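Everything below belongs to start09.cif, which stores mmCIF, C-alpha atoms.
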```cif
data_model
loop_
_atom_site.label_atom_id
_atom_site.label_comp_id
_atom_site.auth_asym_id
_atom_site.auth_seq_id
_atom_site.Cartn_x
_atom_site.Cartn_y
_atom_site.Cartn_z
CA MET N 129 74.18 44.75 212.00
CA PRO N 130 71.99 43.87 208.99
CA SER N 131 69.36 41.16 209.33
CA GLY N 132 70.15 37.73 207.95
CA LEU N 133 71.25 34.18 208.59
CA ILE N 134 74.71 32.94 209.50
CA ILE N 135 75.39 29.29 208.68
CA VAL N 136 77.80 28.06 211.34
CA ASP N 137 79.84 24.85 211.30
CA LYS N 138 79.45 24.11 215.00
CA PRO N 139 82.51 22.52 216.59
CA GLY N 140 82.29 19.65 219.04
CA GLY N 141 82.30 20.46 222.74
CA MET N 142 80.12 23.56 222.45
CA THR N 143 76.41 23.86 223.10
CA SER N 144 74.22 25.60 220.56
CA HIS N 145 73.72 28.35 223.14
CA ASP N 146 77.51 28.78 223.34
CA VAL N 147 77.54 29.41 219.58
CA VAL N 148 74.74 31.97 219.88
CA ALA N 149 76.66 33.76 222.63
CA ARG N 150 79.76 33.91 220.41
CA ILE N 151 77.76 35.29 217.47
CA ARG N 152 76.18 37.92 219.73
CA LYS N 153 79.65 39.22 220.52
CA LEU N 154 80.80 39.13 216.91
CA ALA N 155 77.62 40.76 215.57
CA GLY N 156 77.35 43.33 218.36
CA THR N 157 73.69 42.55 219.07
CA ARG N 158 71.75 40.40 221.51
CA ARG N 159 69.03 39.71 218.92
CA VAL N 160 70.46 36.35 217.88
CA GLY N 161 68.97 32.85 217.94
CA HIS N 162 69.33 29.44 216.31
CA ALA N 163 67.08 27.04 214.39
CA GLY N 164 67.44 23.58 215.88
CA THR N 165 69.67 22.50 218.75
CA LEU N 166 72.79 20.41 218.21
CA ASP N 167 74.11 18.47 221.20
CA PRO N 168 77.60 19.40 222.43
CA MET N 169 79.04 16.19 220.95
CA ALA N 170 77.59 16.96 217.50
CA THR N 171 79.16 19.15 214.85
CA GLY N 172 77.97 20.71 211.62
CA VAL N 173 75.27 23.01 210.33
CA LEU N 174 73.72 25.35 212.88
CA VAL N 175 71.53 28.06 211.36
CA VAL N 176 71.84 31.29 213.34
CA GLY N 177 69.52 34.26 212.82
CA VAL N 178 70.50 37.87 213.46
CA GLU N 179 68.11 40.79 214.05
CA LYS N 180 64.86 40.45 212.06
CA ALA N 181 65.95 37.04 210.75
CA THR N 182 65.37 35.59 214.23
CA ARG N 183 61.67 35.66 213.27
CA LEU N 184 62.37 33.09 210.55
CA LEU N 185 63.91 30.57 212.92
CA GLY N 186 60.72 29.02 214.28
CA TYR N 187 59.64 28.19 210.73
CA LEU N 188 63.07 26.93 209.66
CA THR N 189 62.90 24.24 212.33
CA LEU N 190 60.17 22.59 210.22
CA THR N 191 62.55 21.84 207.36
CA GLU N 192 64.27 18.56 206.57
CA LYS N 193 67.63 17.80 208.15
CA GLU N 194 70.51 15.60 207.01
CA TYR N 195 73.19 13.91 209.11
CA ALA N 196 76.31 11.80 208.85
CA ALA N 197 76.33 9.49 211.86
CA THR N 198 78.29 6.63 213.37
CA ILE N 199 76.30 4.08 215.37
CA ARG N 200 78.01 1.59 217.66
CA LEU N 201 76.14 -1.67 217.99
CA GLY N 202 76.91 -3.85 220.99
CA GLN N 203 76.47 -1.36 223.81
CA SER N 204 73.66 0.83 225.18
CA THR N 205 74.28 3.98 227.21
CA SER N 206 72.27 6.14 229.59
CA THR N 207 72.10 8.99 227.06
CA ASP N 208 71.98 6.94 223.84
CA ASP N 209 75.28 8.50 222.82
CA ALA N 210 78.96 8.24 223.71
CA GLU N 211 78.69 10.76 226.54
CA GLY N 212 76.52 8.48 228.69
CA GLU N 213 77.36 5.62 231.00
CA PRO N 214 77.20 2.05 229.62
CA THR N 215 73.94 0.34 230.57
CA GLY N 216 74.30 -3.03 228.89
CA GLY N 217 74.60 -4.68 225.52
CA ALA N 218 75.49 -7.88 223.73
CA ALA N 219 78.18 -8.79 221.22
CA ALA N 220 77.36 -7.43 217.76
CA SER N 221 80.24 -9.02 215.87
CA GLY N 222 78.01 -11.75 214.48
CA ILE N 223 75.40 -9.48 212.94
CA SER N 224 75.08 -10.08 209.21
CA ARG N 225 74.70 -7.32 206.66
CA ALA N 226 71.26 -8.69 205.78
CA ALA N 227 70.13 -8.40 209.41
CA LEU N 228 71.56 -4.89 209.64
CA ASP N 229 69.80 -3.79 206.45
CA ALA N 230 66.53 -5.26 207.68
CA GLY N 231 66.83 -3.36 210.96
CA VAL N 232 67.54 -0.11 209.13
CA ALA N 233 64.59 -0.69 206.80
CA ARG N 234 62.24 -0.96 209.78
CA LEU N 235 63.42 2.49 210.91
CA THR N 236 62.89 4.11 207.50
CA GLY N 237 59.73 5.92 206.47
CA GLU N 238 57.11 7.25 208.86
CA ILE N 239 57.87 5.74 212.26
CA SER N 240 56.88 6.13 215.89
CA GLN N 241 59.86 7.31 217.96
CA VAL N 242 60.25 7.82 221.70
CA PRO N 243 62.58 10.80 222.31
CA PRO N 244 65.68 10.22 224.44
CA GLY N 245 65.27 10.84 228.15
CA VAL N 246 67.98 13.53 227.94
CA SER N 247 66.17 15.52 225.25
CA ALA N 248 65.14 19.16 225.68
CA ILE N 249 61.42 18.33 225.55
CA LYS N 250 59.48 20.00 228.35
CA VAL N 251 57.57 17.84 230.82
CA GLY N 252 55.50 19.72 233.36
CA GLY N 253 57.42 22.89 232.58
CA GLN N 254 60.86 21.28 233.02
CA ARG N 255 63.30 19.95 230.45
CA ALA N 256 63.40 16.17 230.25
CA TYR N 257 67.20 16.10 230.53
CA LYS N 258 67.07 18.00 233.84
CA LEU N 259 64.55 15.56 235.26
CA THR N 260 66.61 12.60 234.06
CA ARG N 261 69.82 13.94 235.58
CA ALA N 262 67.95 14.52 238.85
CA GLY N 263 67.02 10.84 238.93
CA ALA N 264 63.38 11.37 237.89
CA ALA N 265 63.48 10.33 234.26
CA PRO N 266 60.09 11.07 232.67
CA ASP N 267 58.11 8.68 230.49
CA LEU N 268 58.08 10.44 227.13
CA ALA N 269 55.32 9.76 224.62
CA ALA N 270 56.21 8.43 221.20
CA ARG N 271 56.03 10.86 218.30
CA ARG N 272 55.48 10.37 214.61
CA VAL N 273 58.55 11.32 212.59
CA THR N 274 59.71 10.56 209.06
CA VAL N 275 63.07 9.11 208.09
CA TYR N 276 63.27 9.78 204.36
CA GLU N 277 66.63 8.09 203.93
CA PHE N 278 68.71 5.83 206.18
CA ALA N 279 71.68 4.75 204.06
CA VAL N 280 74.33 2.47 205.55
CA GLY N 281 77.91 3.18 204.52
CA GLU N 282 81.03 1.58 205.93
CA VAL N 283 80.59 -1.14 208.56
CA ARG N 284 83.62 -1.76 210.81
CA PRO N 285 84.05 -4.58 213.36
CA CYS N 286 85.65 -3.36 216.58
CA GLY N 287 86.06 -6.27 218.94
CA ASP N 288 82.57 -7.24 220.09
CA TYR N 289 81.20 -3.99 218.69
CA LEU N 290 80.10 -3.09 215.18
CA ASP N 291 80.51 0.54 214.08
CA VAL N 292 78.09 1.58 211.36
CA ASP N 293 78.45 4.77 209.33
CA ALA N 294 75.14 6.09 208.02
CA ARG N 295 73.66 8.99 206.12
CA ILE N 296 70.25 10.03 207.42
CA ARG N 297 67.72 12.47 205.98
CA CYS N 298 64.74 13.06 208.22
CA SER N 299 61.92 15.32 209.29
CA SER N 300 62.14 17.88 212.02
CA GLY N 301 61.84 16.33 215.49
CA THR N 302 63.73 13.14 214.62
CA TYR N 303 66.39 12.12 217.16
CA ILE N 304 69.38 10.37 215.61
CA ARG N 305 70.37 9.06 219.05
CA ALA N 306 66.99 7.37 219.25
CA LEU N 307 67.56 5.74 215.86
CA ALA N 308 70.85 4.33 217.16
CA ARG N 309 69.13 3.12 220.34
CA ASP N 310 66.24 1.54 218.47
CA LEU N 311 68.45 -0.12 215.86
CA GLY N 312 70.49 -1.74 218.62
CA ALA N 313 67.33 -2.82 220.42
CA ALA N 314 65.87 -4.36 217.26
CA LEU N 315 69.07 -6.33 216.67
CA GLY N 316 69.28 -7.45 220.29
CA THR N 317 72.69 -5.91 220.89
CA GLY N 318 72.03 -2.42 222.19
CA GLY N 319 73.32 0.60 220.36
CA HIS N 320 74.34 4.20 220.79
CA LEU N 321 75.60 7.13 218.75
CA THR N 322 79.34 7.77 218.73
CA ALA N 323 79.58 10.58 216.16
CA LEU N 324 77.12 13.00 214.58
CA ARG N 325 77.62 15.71 211.99
CA ARG N 326 74.67 17.66 210.63
CA THR N 327 75.23 18.24 206.95
CA ALA N 328 72.10 20.20 206.04
CA VAL N 329 69.17 22.10 207.51
CA GLY N 330 66.63 22.61 204.75
CA PRO N 331 68.45 24.29 201.86
CA TYR N 332 71.43 25.32 204.00
CA ARG N 333 74.26 22.87 203.53
CA LEU N 334 77.63 22.20 205.12
CA GLN N 335 79.42 23.67 202.09
CA GLN N 336 77.90 27.05 203.03
CA ALA N 337 78.85 26.82 206.71
CA HIS N 338 81.66 28.81 208.31
CA SER N 339 83.76 28.05 211.35
CA LEU N 340 83.64 30.42 214.31
CA GLU N 341 87.29 31.23 213.64
CA ASP N 342 86.48 32.33 210.08
CA LEU N 343 83.48 34.33 211.28
CA SER N 344 85.63 36.13 213.85
CA GLU N 345 87.77 37.40 210.99
CA ARG N 346 84.97 38.13 208.53
CA MET N 347 81.26 37.87 209.20
CA GLN N 348 79.48 35.86 206.49
CA LEU N 349 75.79 36.70 206.51
CA THR N 350 73.08 35.67 204.06
CA PRO N 351 70.76 38.68 203.70
CA LEU N 352 67.20 38.23 204.91
CA PRO N 353 65.54 38.20 201.45
CA ALA N 354 67.88 35.54 200.05
CA ALA N 355 67.58 33.46 203.21
CA ALA N 356 63.79 33.45 203.05
CA ALA N 357 63.67 32.72 199.31
CA ALA N 358 65.93 29.70 199.80
CA ALA N 359 63.85 28.17 202.57
CA PHE N 360 60.25 28.85 201.56
CA PRO N 361 58.09 29.00 198.44
CA ARG N 362 58.29 32.53 197.03
CA LEU N 363 55.39 34.83 196.15
CA ASP N 364 56.16 37.97 194.17
CA LEU N 365 53.54 40.64 194.86
CA THR N 366 52.34 43.68 193.02
CA ALA N 367 53.29 46.98 194.64
CA ASP N 368 49.74 47.49 195.90
CA ASP N 369 49.51 44.03 197.45
CA ALA N 370 52.95 44.45 199.03
CA ARG N 371 51.89 47.75 200.60
CA ARG N 372 48.69 46.27 202.02
CA LEU N 373 50.42 43.13 203.29
CA ALA N 374 53.01 45.26 205.07
CA HIS N 375 50.11 46.70 207.09
CA GLY N 376 49.04 43.18 208.04
CA VAL N 377 46.00 43.19 205.78
CA ARG N 378 44.69 39.79 204.67
CA ILE N 379 44.77 40.00 200.90
CA PRO N 380 43.22 37.55 198.43
CA VAL N 381 45.59 34.88 197.14
CA PRO N 382 46.89 36.24 193.82
CA PRO N 383 45.53 34.22 190.87
CA HIS N 384 49.00 33.49 189.49
CA GLY N 385 50.21 30.09 188.33
CA THR N 386 52.92 28.08 190.04
CA ALA N 387 56.33 27.79 188.39
CA SER N 388 59.26 25.57 189.27
CA GLN N 389 62.44 26.99 190.71
CA GLU N 390 65.42 24.69 190.33
CA THR N 391 68.12 26.92 191.73
CA SER N 392 68.48 28.03 195.32
CA PRO N 393 69.08 31.78 195.69
CA LEU N 394 72.10 30.80 197.77
CA ALA N 395 73.66 28.71 195.03
CA PRO N 396 76.49 30.11 192.92
CA GLY N 397 75.17 31.91 189.89
CA ALA N 398 71.66 32.39 191.24
CA ALA N 399 69.99 35.71 190.55
CA SER N 400 69.80 38.13 193.47
CA ALA N 401 66.96 40.47 194.33
CA THR N 402 68.95 43.63 193.63
CA PRO N 403 67.47 47.00 192.66
CA GLY N 404 68.03 47.50 188.95
CA ILE N 405 67.56 43.82 188.14
CA ALA N 406 64.13 42.94 186.86
CA PRO N 407 62.21 40.92 189.47
CA PRO N 408 60.38 37.74 188.58
CA ALA N 409 56.83 37.92 187.32
CA PRO N 410 54.23 37.86 190.12
CA GLY N 411 53.41 34.32 191.19
CA ILE N 412 54.53 31.54 193.49
CA THR N 413 57.76 29.66 192.87
CA SER N 414 58.93 26.64 194.81
CA ALA N 415 61.68 26.80 197.38
CA ALA N 416 65.06 25.14 197.10
CA PRO N 417 65.37 21.36 197.70
CA GLY N 418 65.27 20.48 201.39
CA ALA N 419 63.07 23.41 202.36
CA ALA N 420 59.86 23.01 204.32
CA PRO N 421 57.60 20.45 202.58
CA ALA N 422 54.91 22.17 200.52
CA THR N 423 51.57 21.86 202.31
CA PRO N 424 48.66 24.27 202.77
CA GLN N 425 50.31 25.24 206.08
CA THR N 426 53.77 25.86 204.59
CA PRO N 427 54.87 29.48 205.12
CA ILE N 428 55.29 31.47 201.91
CA ALA N 429 57.85 34.27 201.58
CA ALA N 430 56.12 37.28 200.05
CA PHE N 431 58.25 39.85 198.21
CA ALA N 432 57.70 43.39 196.96
CA PRO N 433 58.59 44.22 193.33
CA ASP N 434 61.96 45.66 194.46
CA GLY N 435 62.94 42.35 196.12
CA THR N 436 62.19 43.42 199.69
CA LEU N 437 60.92 40.63 201.92
CA VAL N 438 57.50 41.83 203.03
CA ALA N 439 56.26 38.95 205.17
CA LEU N 440 55.94 35.25 205.78
CA VAL N 441 52.35 34.34 205.04
CA THR N 442 50.04 31.36 205.02
CA GLU N 443 46.89 30.73 203.06
CA GLU N 444 43.56 30.64 204.88
CA SER N 445 40.21 30.51 203.11
CA GLY N 446 41.56 32.02 199.92
CA ARG N 447 43.43 34.86 201.64
CA LEU N 448 46.98 35.41 202.81
CA ARG N 449 47.47 35.80 206.55
CA CYS N 450 50.73 37.26 207.86
CA LEU N 451 52.80 35.05 210.15
CA ALA N 452 55.59 37.60 210.46
CA VAL N 453 55.93 41.03 208.82
CA PHE N 454 59.44 42.19 207.96
CA ALA N 455 58.86 45.30 205.83
CA ASP N 456 58.09 48.61 207.50
CA PRO N 457 54.71 49.80 206.16
CA PRO N 458 54.66 53.27 204.58
CA ARG N 459 53.53 55.60 207.34
CA ALA N 460 51.22 57.72 205.21
CA ALA N 461 49.99 55.07 202.79
CA ALA N 462 46.25 54.40 202.66
CA LEU N 463 45.12 50.83 202.48
CA GLY N 464 42.76 51.42 199.59
CA PRO N 465 39.49 49.63 198.90
CA GLY N 466 38.80 46.62 201.12
CA GLY N 467 41.64 47.67 203.42
CA ASP N 468 40.54 45.66 206.43
CA GLY N 469 40.74 42.42 204.42
#
```

Rendering of file as structure tokens:
Amino acid sequence: MPSGLIIVDKPGGMTSHDVVARIRKLAGTRRVGHAGTLDPMATGVLVVGVEKATRLLGYLTLTEKEYAATIRLGQSTSTDDAEGEPTGGAAASGISRAALDAGVARLTGEISQVPPGVSAIKVGGQRAYKLTRAGAAPDLAARRVTVYEFAVGEVRPCGDYLDVDARIRCSSGTYIRALARDLGAALGTGGHLTALRRTAVGPYRLQQAHSLEDLSERMQLTPLPAAAAAAFPRLDLTADDARRLAHGVRIPVPPHGTASQETSPLAPGAASATPGIAPPAPGITSAAPGAAPATPQTPIAAFAPDGTLVALVTEESGRLRCLAVFADPPRAAALGPGGDG
């Protein structure tokens, strides 16, 4: 099975691990993982890596995520979603749109968020959800997360409840269930999540996702080079630098300018890194919208002149350090002058 990413439209009722198990069978390999858990109730984009692409997954979890959610105001639950037991609440039918918008505004931007007690965060070596279900719910520390967009759509009265559709774009580590909980708490009614669909993980969007039924008939895999170029800033190397980097050598940051890249390599009509097609000039180009935010710590996808993905790298003190090497170094190639970096 070639290395690459499979963008799955996860159905409701399955865990993310269930999806990985299904892909393992379809792909005929156990080297499969996913980038970012979706709860069983949730549906939508689950990025699955196969073979060498599993080494991208830890870095893909740092990218932005987008969701379509429905929040029910007027009732709290033990899990902050519809699968938990009711724990209280107050009638939300009298909440005005102005009050709702004000509550949403307070949960937009950089905020401090306490993860749900049933999250997968480890506490003393055990998952929080296991401790909670055993009756020993841990006190989880608040974390700084960023909600870039919290847009309210349709608002529907339902007896004493108020169902609120919302579109949310947020940083990695943001819990949408916690937003529902905290919105309800701020409004004095209680709140929980009743529906969640992830519509994007970084540059990978729902329009690119495939159902498990479709994948069982025809595997749809984004090759490793295209997957990396979509998610991370791209650096095109000279042949000599590519050879040295493949050996894990720390090479000086190439003195090339930065250019803008408007089109994701996964978008229709985008150029592919195919032998016979002239590669871009050496230099760094930006990743597709939604990819990991550009910071000095952002991984960079480094490519050889023939379009081969050589490594994910990061810049340290004017040199490139390999985070993960994907290209097999030439067995007999010498490193050349300054080979130990």

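Minimum atom-to-atom distance to Ala323 in chain N, evaluated using only C-alpha atoms, belongs to N:Val292 out of N:Val292, N:Val273, N:Ala355, N:Ala455.
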
Given the PyMOL selection byres ((chain N and resi 167-172) around 6) and the file above, list the residues it selects as a ChimeraX atom specification. /N:137-143,166,173,324-327

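Distance-wise, CA of Ser221 in chain N and CA of Val283 in chain N end up 10.8 Å apart.
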
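Residues with at least one atom no more than 10 Å from (67.4, 33.7, 223.3), using all atoms listed in the file, are His145, Val148, Ala149, Arg158, Arg159, Val160, Gly161, His162 and Thr182 of chain N.
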
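With all atoms listed in the file as the atoms that count, the residue of N:Ala269, N:Ala210, N:Ala233, N:Val176 with the shortest distance to Leu352 in chain N is N:Val176.
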
Nearby residues (all atoms listed in the file) at most 10 Å from Cys298 in chain N, same-chain spacing under 2 positions excluded, as a ChimeraX atom specification: /N:191-195,236-238,273-278,296,300-304

With distances taken over only C-alpha atoms, which residue among N:Asp342, N:Glu443, N:Glu179, N:Asp368 lies nearest Leu133 in chain N? N:Glu179

What is the CA of Arg372 in chain N to CA of Leu448 in chain N distance in Å? 11.0 Å

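Across the model, the gap from CA of Ile223 in chain N to CA of Thr198 in chain N is 16.4 Å.
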
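Taking all atoms listed in the file into account, Arg371 in chain N lies nearest to N:Thr436 out of the set N:Thr317, N:Thr436, N:Thr426, N:Thr322.
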
Using the chain letters and numbering of this document, enumerate as number ranges by chain the residues selected by the PyMOL selection byres ((chain N and resi 336) around 12). N: 133-137, 172-175, 327-329, 331-335, 337-339, 348-350, 394-396

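By chain and then residue number, the residues within 12 Å of Arg447 in chain N are N:Asp369, N:Leu373, N:Gly376, N:Val377, N:Arg378, N:Ile379, N:Pro380, N:Val381, N:Pro382, N:Pro383, N:Pro424, N:Val441, N:Thr442, N:Glu443, N:Glu444, N:Cys450, N:Gly469, counting all atoms listed in the file and disregarding those fewer than 3 positions away in sequence.
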
Identify all residues satisfying the PyMOL selection byres ((chain N and resi 271) around 6) in the given file; provide them as a ChimeraX atom specification. /N:240-241,270,272
